[in-house]
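Below: coords22.cif (mmCIF, C-alpha atoms)
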```
data_upload
#
loop_
_atom_site.group_PDB
_atom_site.id
_atom_site.type_symbol
_atom_site.label_atom_id
_atom_site.label_comp_id
_atom_site.auth_asym_id
_atom_site.auth_seq_id
_atom_site.Cartn_x
_atom_site.Cartn_y
_atom_site.Cartn_z
ATOM 1 C CA MET A 1 -4.098 -24.627 39.140
ATOM 2 C CA TYR A 2 -4.833 -21.379 37.295
ATOM 3 C CA THR A 3 -5.169 -19.530 40.611
ATOM 4 C CA ASN A 4 -1.702 -20.669 41.715
ATOM 5 C CA TYR A 5 -0.193 -19.594 38.396
ATOM 6 C CA ARG A 6 -1.949 -16.216 38.607
ATOM 7 C CA SER A 7 -0.726 -15.719 42.181
ATOM 8 C CA LEU A 8 2.833 -16.538 41.155
ATOM 9 C CA GLN A 9 2.632 -14.109 38.235
ATOM 10 C CA GLU A 10 1.322 -11.372 40.539
ATOM 11 C CA TYR A 11 4.119 -12.067 43.032
ATOM 12 C CA ARG A 12 6.745 -11.841 40.275
ATOM 13 C CA TYR A 13 5.205 -8.633 38.963
ATOM 14 C CA GLN A 14 5.269 -7.038 42.420
ATOM 15 C CA ASP A 15 8.821 -8.267 43.006
ATOM 16 C CA VAL A 16 10.004 -6.582 39.813
ATOM 17 C CA MET A 17 8.000 -3.388 40.334
ATOM 18 C CA ASN A 18 9.363 -2.919 43.872
ATOM 19 C CA ALA A 19 12.960 -3.895 43.134
ATOM 20 C CA SER A 20 15.808 -1.425 43.272
ATOM 21 C CA PRO A 21 17.769 -0.859 40.049
ATOM 22 C CA LEU A 22 20.606 -2.982 41.438
ATOM 23 C CA ARG A 23 18.197 -5.778 42.387
ATOM 24 C CA LEU A 24 16.815 -5.681 38.821
ATOM 25 C CA ILE A 25 20.343 -6.181 37.474
ATOM 26 C CA VAL A 26 20.825 -9.199 39.748
ATOM 27 C CA MET A 27 17.441 -10.571 38.657
ATOM 28 C CA THR A 28 18.483 -10.176 35.021
ATOM 29 C CA TYR A 29 21.680 -12.102 35.693
ATOM 30 C CA ASP A 30 19.518 -14.829 37.271
ATOM 31 C CA ALA A 31 17.408 -14.957 34.110
ATOM 32 C CA ALA A 32 20.479 -15.171 31.880
ATOM 33 C CA ILE A 33 22.049 -17.922 34.000
ATOM 34 C CA ALA A 34 18.795 -19.902 34.082
ATOM 35 C CA ALA A 35 18.457 -19.575 30.294
ATOM 36 C CA CYS A 36 22.021 -20.861 29.884
ATOM 37 C CA GLY A 37 21.108 -23.827 32.066
ATOM 38 C CA ARG A 38 18.199 -24.616 29.731
ATOM 39 C CA HIS A 39 20.364 -24.028 26.626
ATOM 40 C CA ASP A 40 17.811 -21.426 25.538
ATOM 41 C CA LEU A 41 19.617 -19.169 23.088
ATOM 42 C CA ILE A 42 16.755 -16.716 22.667
ATOM 43 C CA LYS A 43 16.237 -16.093 26.398
ATOM 44 C CA THR A 44 19.994 -15.990 27.015
ATOM 45 C CA THR A 45 20.560 -13.347 24.357
ATOM 46 C CA GLN A 46 17.484 -11.378 25.479
ATOM 47 C CA ALA A 47 18.766 -11.226 29.068
ATOM 48 C CA LEU A 48 22.234 -10.239 27.856
ATOM 49 C CA ALA A 49 20.674 -7.504 25.717
ATOM 50 C CA VAL A 50 18.886 -6.136 28.794
ATOM 51 C CA LEU A 51 22.176 -6.111 30.703
ATOM 52 C CA ARG A 52 23.940 -4.446 27.783
ATOM 53 C CA ASP A 53 21.215 -1.817 27.402
ATOM 54 C CA ALA A 54 21.411 -0.995 31.123
ATOM 55 C CA LEU A 55 25.060 0.044 30.871
ATOM 56 C CA ASP A 56 25.824 3.677 31.673
ATOM 57 C CA PHE A 57 28.467 4.842 29.215
ATOM 58 C CA ASP A 58 29.091 7.958 31.283
ATOM 59 C CA TYR A 59 31.421 5.481 33.014
ATOM 60 C CA ALA A 60 33.015 4.423 29.744
ATOM 61 C CA GLU A 61 35.815 2.182 30.993
ATOM 62 C CA ILE A 62 33.749 -0.192 33.123
ATOM 63 C CA ALA A 63 30.732 -0.042 30.775
ATOM 64 C CA GLY A 64 32.969 -0.916 27.824
ATOM 65 C CA ARG A 65 34.470 -3.864 29.654
ATOM 66 C CA LEU A 66 31.066 -5.184 30.716
ATOM 67 C CA PHE A 67 29.782 -4.676 27.171
ATOM 68 C CA SER A 68 32.648 -6.830 25.875
ATOM 69 C CA LEU A 69 31.926 -9.543 28.459
ATOM 70 C CA TYR A 70 28.218 -9.581 27.581
ATOM 71 C CA GLU A 71 29.023 -9.853 23.885
ATOM 72 C CA TRP A 72 31.491 -12.648 24.598
ATOM 73 C CA CYS A 73 28.845 -14.513 26.622
ATOM 74 C CA ALA A 74 26.382 -14.097 23.738
ATOM 75 C CA ASP A 75 29.000 -15.492 21.341
ATOM 76 C CA LEU A 76 29.604 -18.450 23.665
ATOM 77 C CA ALA A 77 25.866 -19.148 23.806
ATOM 78 C CA ARG A 78 25.583 -18.981 20.008
ATOM 79 C CA GLN A 79 28.399 -21.555 19.856
ATOM 80 C CA GLY A 80 26.493 -23.795 22.292
ATOM 81 C CA ARG A 81 29.026 -23.191 25.065
ATOM 82 C CA TYR A 82 26.369 -22.354 27.648
ATOM 83 C CA ASP A 83 28.353 -23.664 30.617
ATOM 84 C CA GLU A 84 31.189 -21.221 29.929
ATOM 85 C CA ALA A 85 28.770 -18.305 29.507
ATOM 86 C CA ALA A 86 26.951 -19.249 32.720
ATOM 87 C CA ARG A 87 30.246 -19.433 34.642
ATOM 88 C CA ILE A 88 31.140 -15.881 33.624
ATOM 89 C CA LEU A 89 27.644 -14.618 34.370
ATOM 90 C CA ARG A 90 27.641 -16.293 37.806
ATOM 91 C CA GLU A 91 30.902 -14.527 38.695
ATOM 92 C CA LEU A 92 29.537 -11.160 37.575
ATOM 93 C CA ARG A 93 26.249 -11.787 39.389
ATOM 94 C CA SER A 94 27.990 -12.627 42.647
ATOM 95 C CA THR A 95 29.884 -9.336 42.481
ATOM 96 C CA TRP A 96 26.700 -7.311 41.967
ATOM 97 C CA ALA A 97 24.827 -9.330 44.603
ATOM 98 C CA ALA A 98 27.576 -8.638 47.151
ATOM 99 C CA CYS A 99 26.788 -4.924 46.796
ATOM 100 C CA LEU A 100 23.050 -5.371 47.386
ATOM 101 C CA PRO A 101 22.959 -5.263 51.215
ATOM 102 C CA ALA A 102 24.955 -2.039 51.478
ATOM 103 C CA VAL A 103 23.109 -0.308 48.653
ATOM 104 C CA GLU A 104 19.643 -1.317 49.831
ATOM 105 C CA ARG A 105 20.445 -0.435 53.454
ATOM 106 C CA ASN A 106 21.256 3.129 52.378
ATOM 107 C CA ALA A 107 18.519 3.523 49.759
ATOM 108 C CA PRO A 108 15.357 5.538 50.464
ATOM 109 C CA GLN A 109 12.352 3.314 51.078
ATOM 110 C CA PRO A 110 9.686 3.415 48.339
ATOM 111 C CA LEU A 111 6.226 4.600 49.217
ATOM 112 C CA PRO A 112 3.365 2.123 48.937
ATOM 113 C CA ALA A 113 1.592 2.294 45.596
ATOM 114 C CA TYR A 114 -1.500 3.841 47.181
ATOM 115 C CA ALA A 115 0.361 6.675 48.989
ATOM 116 C CA GLY A 116 -0.274 9.166 46.186
ATOM 117 C CA LEU A 117 -4.010 8.668 46.409
ATOM 118 C CA ALA A 118 -4.250 10.601 49.671
ATOM 119 C CA GLN A 119 -2.956 13.710 47.916
ATOM 120 C CA ASN A 120 -5.783 13.587 45.378
ATOM 121 C CA VAL A 121 -8.560 13.475 47.997
#
```

Please go through the file and, once you have read it, give me the structure as structure tokens.
Amino acid sequence: MYTNYRSLQEYRYQDVMNASPLRLIVMTYDAAIAACGRHDLIKTTQALAVLRDALDFDYAEIAGRLFSLYEWCADLARQGRYDEAARILRELRSTWAACLPAVERNAPQPLPAYAGLAQNV
């Protein structure tokens, strides 16, 4: 049992470490939506804080609007209105996820973790 858990943890770690920034955003939405489904206020607000902290305010208009939506979702969760927060987050997630194929198709491929070792030899 421990081996399966350890393997799953390693898989999740590798998934996160190799994910593009956009994929990480989608994964964070997944975490927030799952936390809403469990009515877990702490995990919901933590995921929303990660989304909020990832905003780039060099693009003030869209970042400000997303900030307001994230704060509204946090307020809904604090009021126990998890279904409403999850609905909003699912809509936002689907928009980001729709961009994934095009962004990842055009993104440079990461080097394997061991690629830098050859330079040190």

inquiry  = Could you check the closest approach to Asp83 of chain A for each of A:Lys43, A:Arg52, A:Arg65, A:Arg38 and tell me which residue wins, using all atoms listed in the file?
reply    = A:Arg38

Within 7 Å of segment 77-82 of chain A, counting only C-alpha atoms, which residues show up once you throw out same-chain ones fewer than 2 positions away? Write them as a CSV table (one decimal) with C-alpha atoms, in the frame of the given file, please.
```
chain,number,residue,atom,x,y,z
A,36,CYS,CA,22.0,-20.9,29.9
A,39,HIS,CA,20.4,-24.0,26.6
A,41,LEU,CA,19.6,-19.2,23.1
A,73,CYS,CA,28.8,-14.5,26.6
A,74,ALA,CA,26.4,-14.1,23.7
A,75,ASP,CA,29.0,-15.5,21.3
A,84,GLU,CA,31.2,-21.2,29.9
A,85,ALA,CA,28.8,-18.3,29.5
A,86,ALA,CA,27.0,-19.2,32.7
```

key: Contacts of Thr28 of chain A within 8 Å, only C-alpha atoms, excl. fewer than 4 positions in-chain, as a PyMOL selection string   = chain A and resi 24+32+47+50-51

Per-residue nearest contacts of segment 1-95 of chain A to segment 103-106 of chain A (10 Å; all atoms listed in the file) as a tab-separated table:
```
residue	atom	partner	partner_atom	distance
A:Ala19	CA	A:Glu104	CA	9.8
A:Ser20	CA	A:Glu104	CA	7.6
A:Pro21	CA	A:Glu104	CA	10.0
A:Leu22	CA	A:Val103	CA	8.1
A:Arg23	CA	A:Glu104	CA	8.8
```

So that all listed atoms of segment 49-54 of chain A fit with 3 Å spare on each side, what axis-aligned box centre and edge lengths in Å, to one decimal, would you give as lines of an AutoDock Vina configuration file?
```
center_x = 21.4
center_y = -4.2
center_z = 28.4
size_x = 11.1
size_y = 12.5
size_z = 11.4
```

task = Quick one: pull the distance between atom CA of Tyr29 of chain A and atom CA of Arg87 of chain A, Å, one decimal.
result =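 Between atom CA of Tyr29 of chain A and atom CA of Arg87 of chain A the gap works out to 11.3 Å.
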